[in-house]
Number of protein chains: 2
Amino acid sequence: MSAATAAYAELERRFRRLANIGGASSVLHWDWATMMPEGGANARSDQLAELSVISHELITDPRLDELLGRAESETRALDDWQRANLREMRHRQRHAAGVPPDLVEALSKASAKCEMVWREAKPKGDFKAFAESFTPLLGLVREKAAAKGAALGLAPYDALIDAFDPGYTVKEIDRIFAELEAFLPNVLARALARQDQLPQPLKLEGRFPIPAQRALAEQLMGRLGFEFAHGRLDVSLHPFCGGVPEDVRITTRYAESGFASALMAVLHETGHALYERGLPEAWRLQPVGEARGMSVHESQSLLIEMQACRSLEFLAFAAPLIREAFQAHAPVDGAAFEPANLYAHSIRVKADFIRVDADEVTYPFHILLRYRLEKDLLSGALKVADLPDAWNAGMKRHLGIVPPSATLGCLQDIHWTGGDLGYFPSYTLGAMTAAQLFDAAKRAELDLLPGIARGDFAPLLGWLRRNVHGLGSLYDSRELVTRATGKPLDPLVFKAHLERRYLG
Amino acid sequence: MSAATAAYAELERRFRRLANIGGASSVLHWDWATMMPEGGANARSDQLAELSVISHELITDPRLDELLGRAESETRALDDWQRANLREMRHRQRHAAGVPPDLVEALSKASAKCEMVWREAKPKGDFKAFAESFTPLLGLVREKAAAKGAALGLAPYDALIDAFDPGYTVKEIDRIFAELEAFLPNVLARALARQDQLPQPLKLEGRFPIPAQRALAEQLMGRLGFEFAHGRLDVSLHPFCGGVPEDVRITTRYAESGFASALMAVLHETGHALYERGLPEAWRLQPVGEARGMSVHESQSLLIEMQACRSLEFLAFAAPLIREAFQAHAPVDGAAFEPANLYAHSIRVKADFIRVDADEVTYPFHILLRYRLEKDLLSGALKVADLPDAWNAGMKRHLGIVPPSATLGCLQDIHWTGGDLGYFPSYTLGAMTAAQLFDAAKRAELDLLPGIARGDFAPLLGWLRRNVHGLGSLYDSRELVTRATGKPLDPLVFKAHLERRYLG
């Protein structure tokens with residue numbers, strides 16, 4: 001074994017350790033959001049901060065940098081996966097190397113604190129209370145962005161984006177979002193006009209007991225390919241997908257007055273879960289075995305939720321199961337619970353306040369708003385105190401509505417409370433990627449839509465396993481999309497999808 | 001600040017890190033036992049092993065040994081708590097130092113595997129399957145015991161006991177257990193003879209739905225002082241208490257056919273939880289701030305379960321709550337659900353197979369059996385393959401009964417599957433300690449029993465906080481018991497308790 005090969009083997013060992021610590025943190029985060037009593041927050045915050053610091057120490061060990069150098073000096077003995085693994089290792093090491101350990105610990109604790117404050121402040125719409133813990137957190141995020149930017153040779157916001165979505169930059173996102181903004185207002189206006197001319201969908205009246213919603217959700221998850229021997233469904237304030245590929249944990253939140261919102265959240269998170277579960281087993285615990293970044297991750301959730309499940313085919317399959325789930329509590333025998341009416345609900349367009357409940361035509365406006373605000377928060381062009389006004393002005397401009405409270409406005413999302421600036425663009429990049437991947441999958445698998453209509457998701461899942469899930473981080477996002485669909489991300493495919501569904 | 005004081009301060013920092021990693025592991029263990037889908041076991045085992053190895057690296061860092069030496073060289077500037085903290089730090093460091101890191105990792109993984117195999121093998125009574133994963137685990141435990149023993153100057157089994165219950169040795173335990181065995185067979189024979197002369201308790205008939213059992217359990221936990229802002233009650237195969245003092249998590253298991261076993265397990269674990277929660281806040285995350293060892297820990301659970309709750313006073317308070325909980329499903333208005341009959345059930349003596357369901361007269365025999373068997377397993381005098389026969393012979397000798405299957409025999413407990421040899425004696429040492437502490441508490445707090453009868457546990461909890469919980473590991477077990485009760489552990493106090501309750 002050459003010195004370079006030996007160095008590479010040692011790197012795999014070290015990154016396996018890092019992945020195990022990351023997996024432990026992930027489960028502890030899940031527990032925080034689903035199980036932990038509120039009095040446990042400080043202790044948990046200390047535990048998570050400690051694990052962050054340990055990971056940071058391991059990855060910034062000067063010896064690891066040397067090992068990377070030695071392995072990189074001679075890569076002929078490595079295969080494609082190993083070379084990609086080495087590239088991903090270096091990417092992580094460079095991201096960590098710029099950030100001092102004290103800052104890692106301070107960020108971990110400040111974000112845990114900010115989230116706890118947010119949990120109380122959000123329902124009250126108490127922006128002032130939130131701002132008091134968000135302002136110092138933002139200061140730390142700014143320090144991190146500057147430090148990473150300096151180390152990576154990137155602008156601060158680009159350095160944050162690069163951690164979530166390697167390769168994307170403000171320049172590239174601005175170009176894509178400009179294309180999007182060129183057609184989206186027009187699509188929205190026409191979709192609303194067309195919708196006004198159609199009859200209103202029939203109301204889905206009834207009571208939808210939570211155990212019945214949960215059973216239905218689990219049934220549909222199972223049909224989509226979620227393995228309950230390797231995962232769970234629980235409840236949290238904000239739906240998410242956590243855990244590790246062997247133990248993927250998704251969440252939703254329920255209301256008895258309606259089932260659609262909780263169910264769509266489950267289907268969305270199931271898309272994330274299928275991605276995690278389908279990552280290449282042979283590369284478990286190695287960087288190249290992990291998901292390709294957040295826009296690809298969101299493409300998988302949105303592909304399942306928006307492309308596959310908000311379709312007439314899916315609802316033809318699901319309607320009988322929905323009726324069966326709620327027959328004791330709702331008048332399910334009428335036309336309201338027929339596929340056509342469920343479909344009309346699922347593609348209803350409405351300018352509204354809450355991002356996670358938004359339809360796919362208005363959704364990108366929510367992202368454009370957050371993207372611009374967080375850039376300005378990071379640069380200092382926008383003061384925290386001015387965020388509510390800026391938020392409301394943006395909502396007015398994009399969607400013509402103004403939230404009556406911060407609860408329905410700038411306090412609605414969890415991301416900034418965790419210091420996660422740079423994440424939001426992934427949602428809309430993901431929505432566009434989803435449209436493009438689904439379009440290619442449908443063309444490659446002629447039985448894909450008929451399969452969905454009969455509850456057989458194997459053709460879809462098989463295509464995703466081969467073209468996305470099973471590839472881990474072997475390719476960058478651009479190459480992954482190009483290989484799967486024949487071209488890089490093209491907003492016009494998303495436009496065509498919207499036109500077909502909303503103007504057709 | 002002197003070099004010694006500086007060294008002590010750095011040690012506190014390092015042990016805080018260790019405590020945070022320990023807390024993270026504890027929550028991950030809880031999740032393993034309560035929430036984790038079975039397919040997550042391998043990944044979790046890797047995560048826990050990684051955290052064990054990291055802790056081991058931190059505590060065996062040669063620099064930590066130097067810091068201990070420097071701090072120990074000059075302790076005048078330290079107060080009593082700091083000095084005790086330093087002593088506990090050294091105790092842990094010495095325990096860790098003898099064990100090679102590879103062995104730590106191998107043990108962590110082998111015990112996780114053995115537990116998973118046991119979960120399947122136990123209901124089937126499949127000892128052979130269990131033995132296949134237990135035999136290599138036992139080999140590793142033997143290595144650990146030998147290595148620790150060599151480092152600590154103790155016999156191998158003493159080294160294991162010393163980790164759970166610092167200060168106790170085989171010699172001391174043999175002496176105490178010999179005293180116990182001198183009176184226990186006689187007490188058991190007389191208790192059974194007396195019981196035979198009394199009328200049988202009325203059967204507690206009915207169906208006891210799990211949600212009602214759970215609500216009742218939570219109500220009683222709350223009355224005892226359990227804070228739900230700092231803890232949870234869940235379900236696991238084997239009841240336990242886990243988590244951290246800010247977030248104490250206890251478990252039980254329910255059957256609809258009866259409520260007593262699950263409820264008594266909850267009360268038992270609540271005793272552990274109150275101890276954890278009452279540990280000195282000022283010494284959180286430091287060794288001196290942790291519980292004093294397993295016999296004191298078991299004394300707290302058994303004090304609550306056996307001494308406080310299996311009393312006529314407690315049942316006078318609890319009977320109306322029990323009737324209210326089950327009134328829709330059981331004939332609660334008759335004499336069966338009166339305090340006197342509930343009490344008769346709660347002190348029923350019966351030679352039976354299962355330790356965790358045993359009454360307090362037969363319980364010590366279950367421990368004597370396990371204590372002798374595990375000593376022989378460790379020394380090699382008993383082969384794993386011969387364990388079922390040796391178990392059955394011991395049951396025959398002590399209790400006159402032979403389990404019909406390994407499910408009800410040597411596969412019933414979880415401890416050995418985790419490699420935890422040396423733990424079992426703590427239960428009986430704990431039972432005796434509980435009797436002695438409760439006896440002293442009753443004499444010091446005249447309102448203690450009247451308080452329990454009206455559901456006011458403040459006098460009891462106050463005494464425990466002052467004399468046990470709030471002292472953490474300031475004193476060793478012997479001194480703790482002596483300070484609280486006026487003398488070291490004396491089996492005759494336990495004898496007097498049994499005579500009063502079972503022969504009175």
# chains A, B, ... in the order shown; residues from 1 in each chain; ligands from 1
>>> interface_residues(of="chain A", to="chain B", cutoff="10 Å", atoms="only C-alpha atoms", output="PyMOL selection string")
chain A and resi 16-25+27-28+31+35-51+53-54+227-232+243-249+284-285
>>> residues_around(residues="A:Asp490", least_positions_apart="5", cutoff="12 Å", atoms="only C-alpha atoms", output="JSON list (two decimals) with N, CA and C atoms, in the first residue's frame")
[["chain", "number", "residue", "atom", "x", "y", "z"],
["A", 175, "ARG", "N", -29.17, 34.61, -11.45],
["A", 175, "ARG", "CA", -29.50, 34.37, -12.85],
["A", 175, "ARG", "C", -30.75, 33.48, -12.97],
["A", 176, "ILE", "N", -30.75, 32.40, -12.21],
["A", 176, "ILE", "CA", -31.89, 31.47, -12.28],
["A", 176, "ILE", "C", -33.16, 32.14, -11.76],
["A", 177, "PHE", "N", -33.03, 32.86, -10.64],
["A", 177, "PHE", "CA", -34.21, 33.51, -10.07],
["A", 177, "PHE", "C", -34.73, 34.64, -10.98],
["A", 179, "GLU", "N", -34.66, 34.55, -14.25],
["A", 179, "GLU", "CA", -35.45, 33.83, -15.27],
["A", 179, "GLU", "C", -36.83, 33.49, -14.73],
["A", 180, "LEU", "N", -36.82, 33.01, -13.49],
["A", 180, "LEU", "CA", -38.06, 32.62, -12.83],
["A", 180, "LEU", "C", -39.00, 33.82, -12.69],
["A", 429, "LEU", "N", -34.77, 26.16, -5.95],
["A", 429, "LEU", "CA", -33.91, 25.38, -6.84],
["A", 429, "LEU", "C", -34.39, 23.93, -6.85],
["A", 430, "GLY", "N", -34.80, 23.45, -5.68],
["A", 430, "GLY", "CA", -35.30, 22.08, -5.56],
["A", 430, "GLY", "C", -36.60, 21.87, -6.32],
["A", 431, "ALA", "N", -37.50, 22.85, -6.27],
["A", 431, "ALA", "CA", -38.78, 22.73, -6.98],
["A", 431, "ALA", "C", -38.54, 22.63, -8.48],
["A", 432, "MET", "N", -37.60, 23.44, -8.96],
["A", 432, "MET", "CA", -37.29, 23.41, -10.40],
["A", 432, "MET", "C", -36.60, 22.10, -10.77],
["A", 433, "THR", "N", -35.68, 21.65, -9.90],
["A", 433, "THR", "CA", -35.00, 20.38, -10.15],
["A", 433, "THR", "C", -36.00, 19.23, -10.15],
["A", 434, "ALA", "N", -36.96, 19.29, -9.23],
["A", 434, "ALA", "CA", -37.98, 18.24, -9.13],
["A", 434, "ALA", "C", -38.77, 18.14, -10.44],
["A", 435, "ALA", "N", -39.17, 19.29, -10.95],
["A", 435, "ALA", "CA", -39.95, 19.30, -12.19],
["A", 435, "ALA", "C", -39.15, 18.65, -13.32],
["A", 436, "GLN", "N", -37.86, 18.99, -13.37],
["A", 436, "GLN", "CA", -37.03, 18.50, -14.46],
["A", 436, "GLN", "C", -36.75, 17.00, -14.32],
["A", 437, "LEU", "N", -36.51, 16.54, -13.09],
["A", 437, "LEU", "CA", -36.28, 15.11, -12.86],
["A", 437, "LEU", "C", -37.55, 14.30, -13.15],
["A", 439, "ASP", "N", -40.03, 15.06, -15.07],
["A", 439, "ASP", "CA", -40.25, 15.08, -16.52],
["A", 439, "ASP", "C", -39.39, 14.00, -17.20],
["A", 478, "ARG", "N", -24.99, 19.95, -10.62],
["A", 478, "ARG", "CA", -25.13, 20.25, -12.05],
["A", 478, "ARG", "C", -24.98, 18.99, -12.90],
["A", 481, "VAL", "N", -27.91, 16.47, -12.37],
["A", 481, "VAL", "CA", -29.11, 16.84, -13.12],
["A", 481, "VAL", "C", -28.90, 16.61, -14.62],
["A", 482, "THR", "N", -27.72, 16.96, -15.09],
["A", 482, "THR", "CA", -27.43, 16.79, -16.52],
["A", 482, "THR", "C", -27.47, 15.31, -16.92],
["A", 485, "THR", "N", -31.19, 14.11, -16.73],
["A", 485, "THR", "CA", -32.23, 14.73, -17.57],
["A", 485, "THR", "C", -31.73, 15.19, -18.93],
["A", 495, "LYS", "N", -41.45, 26.04, -15.72],
["A", 495, "LYS", "CA", -42.51, 26.87, -16.31],
["A", 495, "LYS", "C", -43.51, 25.99, -17.08],
["A", 496, "ALA", "N", -42.97, 25.07, -17.86],
["A", 496, "ALA", "CA", -43.85, 24.20, -18.64],
["A", 496, "ALA", "C", -44.75, 23.36, -17.72],
["A", 497, "HIS", "N", -44.16, 22.90, -16.64],
["A", 497, "HIS", "CA", -44.95, 22.13, -15.67],
["A", 497, "HIS", "C", -46.10, 22.98, -15.10]]
>>> residues_around(residues="A:Pro239", least_positions_apart="5", cutoff="8 Å", atoms="only C-alpha atoms", output="MDAnalysis selection string")
chainID A and resid 250:253 265:266 269
>>> residues_around(residues="A:Gly258", least_positions_apart="6", cutoff="10 Å", atoms="only C-alpha atoms", output="PyMOL selection string")
chain A and resi 204-210+213
>>> residues_around(residues="A:Ala385", least_positions_apart="6", cutoff="10 Å", atoms="only C-alpha atoms", output="PDB file with C-alpha atoms, in the first residue's frame")
ATOM      1  CA  PHE A 127     -40.853  39.775  17.454  1.00  0.00           C
ATOM      2  CA  LYS A 128     -39.053  41.802  20.099  1.00  0.00           C
ATOM      3  CA  ALA A 131     -34.959  39.701  18.087  1.00  0.00           C
ATOM      4  CA  GLU A 132     -33.179  39.733  21.430  1.00  0.00           C
ATOM      5  CA  THR A 135     -29.476  39.529  16.988  1.00  0.00           C
TER       6      THR A 135
END
>>> residues_around(residues="B:Met221", least_positions_apart="4", cutoff="8 Å", atoms="only C-alpha atoms", output="PyMOL selection string")
chain B and resi 217+225-226+266-267+270
>>> closest_residue(among="A:Arg500, A:Arg63, A:Lys383, A:Lys350", to="A:Ile401", atoms="only C-alpha atoms")
A:Lys350
>>> select_by_dssp(residues="stretch 69-165 of chain B", states="helix (DSSP H, G or I)", output="VMD selection string")
chain B and resid 69 to 72 80 to 97 101 to 124 127 to 152 156 to 164
>>> write_last_selection(atoms="C-alpha atoms", output="PDB file, in the first residue's frame")
ATOM      1  CA  GLY B  69      -1.352  14.782  39.874  1.00  0.00           C
ATOM      2  CA  ARG B  70      -0.827  18.529  39.937  1.00  0.00           C
ATOM      3  CA  ALA B  71      -4.206  19.214  41.533  1.00  0.00           C
ATOM      4  CA  GLU B  72      -3.699  16.438  44.091  1.00  0.00           C
ATOM      5  CA  ASP B  80     -14.743  19.794  50.625  1.00  0.00           C
ATOM      6  CA  TRP B  81     -16.842  19.466  47.494  1.00  0.00           C
ATOM      7  CA  GLN B  82     -13.907  20.232  45.221  1.00  0.00           C
ATOM      8  CA  ARG B  83     -11.717  17.736  47.047  1.00  0.00           C
ATOM      9  CA  ALA B  84     -14.403  15.079  46.755  1.00  0.00           C
ATOM     10  CA  ASN B  85     -14.759  15.980  43.095  1.00  0.00           C
ATOM     11  CA  LEU B  86     -11.036  15.492  42.586  1.00  0.00           C
ATOM     12  CA  ARG B  87     -11.244  12.092  44.327  1.00  0.00           C
ATOM     13  CA  GLU B  88     -14.107  11.022  42.033  1.00  0.00           C
ATOM     14  CA  MET B  89     -12.207  12.241  38.974  1.00  0.00           C
ATOM     15  CA  ARG B  90      -9.223  10.116  39.928  1.00  0.00           C
ATOM     16  CA  HIS B  91     -11.470   7.144  40.553  1.00  0.00           C
ATOM     17  CA  ARG B  92     -12.845   7.360  37.038  1.00  0.00           C
ATOM     18  CA  GLN B  93      -9.496   7.976  35.482  1.00  0.00           C
ATOM     19  CA  ARG B  94      -8.045   4.910  37.192  1.00  0.00           C
ATOM     20  CA  HIS B  95     -10.967   2.788  36.019  1.00  0.00           C
ATOM     21  CA  ALA B  96     -10.521   3.926  32.437  1.00  0.00           C
ATOM     22  CA  ALA B  97      -6.744   3.903  32.318  1.00  0.00           C
ATOM     23  CA  PRO B 101      -9.409   1.713  23.586  1.00  0.00           C
ATOM     24  CA  ASP B 102      -9.932  -1.228  21.210  1.00  0.00           C
ATOM     25  CA  LEU B 103     -11.535  -3.125  24.062  1.00  0.00           C
ATOM     26  CA  VAL B 104     -13.853  -0.188  24.839  1.00  0.00           C
ATOM     27  CA  GLU B 105     -15.092  -0.147  21.271  1.00  0.00           C
ATOM     28  CA  ALA B 106     -15.373  -3.924  21.045  1.00  0.00           C
ATOM     29  CA  LEU B 107     -17.349  -4.056  24.298  1.00  0.00           C
ATOM     30  CA  SER B 108     -19.714  -1.330  23.212  1.00  0.00           C
ATOM     31  CA  LYS B 109     -20.484  -3.090  19.951  1.00  0.00           C
ATOM     32  CA  ALA B 110     -20.629  -6.612  21.392  1.00  0.00           C
ATOM     33  CA  SER B 111     -23.051  -5.545  24.121  1.00  0.00           C
ATOM     34  CA  ALA B 112     -25.290  -3.716  21.631  1.00  0.00           C
ATOM     35  CA  LYS B 113     -25.322  -6.831  19.468  1.00  0.00           C
ATOM     36  CA  CYS B 114     -25.952  -9.159  22.377  1.00  0.00           C
ATOM     37  CA  GLU B 115     -28.898  -7.038  23.500  1.00  0.00           C
ATOM     38  CA  MET B 116     -30.464  -7.171  20.052  1.00  0.00           C
ATOM     39  CA  VAL B 117     -30.032 -10.954  19.933  1.00  0.00           C
ATOM     40  CA  TRP B 118     -31.461 -11.243  23.449  1.00  0.00           C
ATOM     41  CA  ARG B 119     -34.564  -9.258  22.498  1.00  0.00           C
ATOM     42  CA  GLU B 120     -35.397 -11.977  19.981  1.00  0.00           C
ATOM     43  CA  ALA B 121     -34.094 -14.949  21.931  1.00  0.00           C
ATOM     44  CA  LYS B 122     -35.842 -14.174  25.227  1.00  0.00           C
ATOM     45  CA  PRO B 123     -39.488 -14.636  24.147  1.00  0.00           C
ATOM     46  CA  LYS B 124     -38.514 -17.834  22.321  1.00  0.00           C
ATOM     47  CA  PHE B 127     -30.653 -19.889  24.990  1.00  0.00           C
ATOM     48  CA  LYS B 128     -28.431 -21.240  22.252  1.00  0.00           C
ATOM     49  CA  ALA B 129     -28.910 -18.137  20.072  1.00  0.00           C
ATOM     50  CA  PHE B 130     -28.243 -15.941  23.080  1.00  0.00           C
ATOM     51  CA  ALA B 131     -25.142 -17.883  24.083  1.00  0.00           C
ATOM     52  CA  GLU B 132     -23.618 -17.354  20.657  1.00  0.00           C
ATOM     53  CA  SER B 133     -23.429 -13.600  21.152  1.00  0.00           C
ATOM     54  CA  PHE B 134     -23.041 -13.690  24.939  1.00  0.00           C
ATOM     55  CA  THR B 135     -19.961 -15.937  24.920  1.00  0.00           C
ATOM     56  CA  PRO B 136     -17.747 -13.475  22.993  1.00  0.00           C
ATOM     57  CA  LEU B 137     -19.156 -10.592  25.071  1.00  0.00           C
ATOM     58  CA  LEU B 138     -18.286 -12.437  28.274  1.00  0.00           C
ATOM     59  CA  GLY B 139     -14.773 -12.922  26.929  1.00  0.00           C
ATOM     60  CA  LEU B 140     -14.445  -9.171  26.489  1.00  0.00           C
ATOM     61  CA  VAL B 141     -15.892  -8.491  29.966  1.00  0.00           C
ATOM     62  CA  ARG B 142     -13.339 -10.904  31.390  1.00  0.00           C
ATOM     63  CA  GLU B 143     -10.567  -8.997  29.590  1.00  0.00           C
ATOM     64  CA  LYS B 144     -11.898  -5.716  30.944  1.00  0.00           C
ATOM     65  CA  ALA B 145     -12.166  -7.036  34.494  1.00  0.00           C
ATOM     66  CA  ALA B 146      -8.634  -8.421  34.376  1.00  0.00           C
ATOM     67  CA  ALA B 147      -7.230  -5.184  32.932  1.00  0.00           C
ATOM     68  CA  LYS B 148      -9.042  -2.981  35.449  1.00  0.00           C
ATOM     69  CA  GLY B 149      -8.171  -5.298  38.297  1.00  0.00           C
ATOM     70  CA  ALA B 150      -4.491  -5.124  37.396  1.00  0.00           C
ATOM     71  CA  ALA B 151      -4.605  -1.323  37.202  1.00  0.00           C
ATOM     72  CA  LEU B 152      -6.563  -0.902  40.443  1.00  0.00           C
ATOM     73  CA  PRO B 156     -11.324  -8.911  38.539  1.00  0.00           C
ATOM     74  CA  TYR B 157     -14.864  -9.164  39.939  1.00  0.00           C
ATOM     75  CA  ASP B 158     -14.071  -6.559  42.615  1.00  0.00           C
ATOM     76  CA  ALA B 159     -12.927  -4.226  39.834  1.00  0.00           C
ATOM     77  CA  LEU B 160     -16.329  -4.559  38.160  1.00  0.00           C
ATOM     78  CA  ILE B 161     -18.195  -3.979  41.430  1.00  0.00           C
ATOM     79  CA  ASP B 162     -16.029  -0.954  42.162  1.00  0.00           C
ATOM     80  CA  ALA B 163     -17.212   0.718  38.964  1.00  0.00           C
ATOM     81  CA  PHE B 164     -20.871   0.413  39.985  1.00  0.00           C
TER      82      PHE B 164
END
>>> atom_distance(atom1="atom CA of A:Gly380", atom2="atom CA of A:Asp420")
16.2 Å
>>> atom_distance(atom1="atom CA of A:Leu315", atom2="atom CA of A:Val187")
24.3 Å
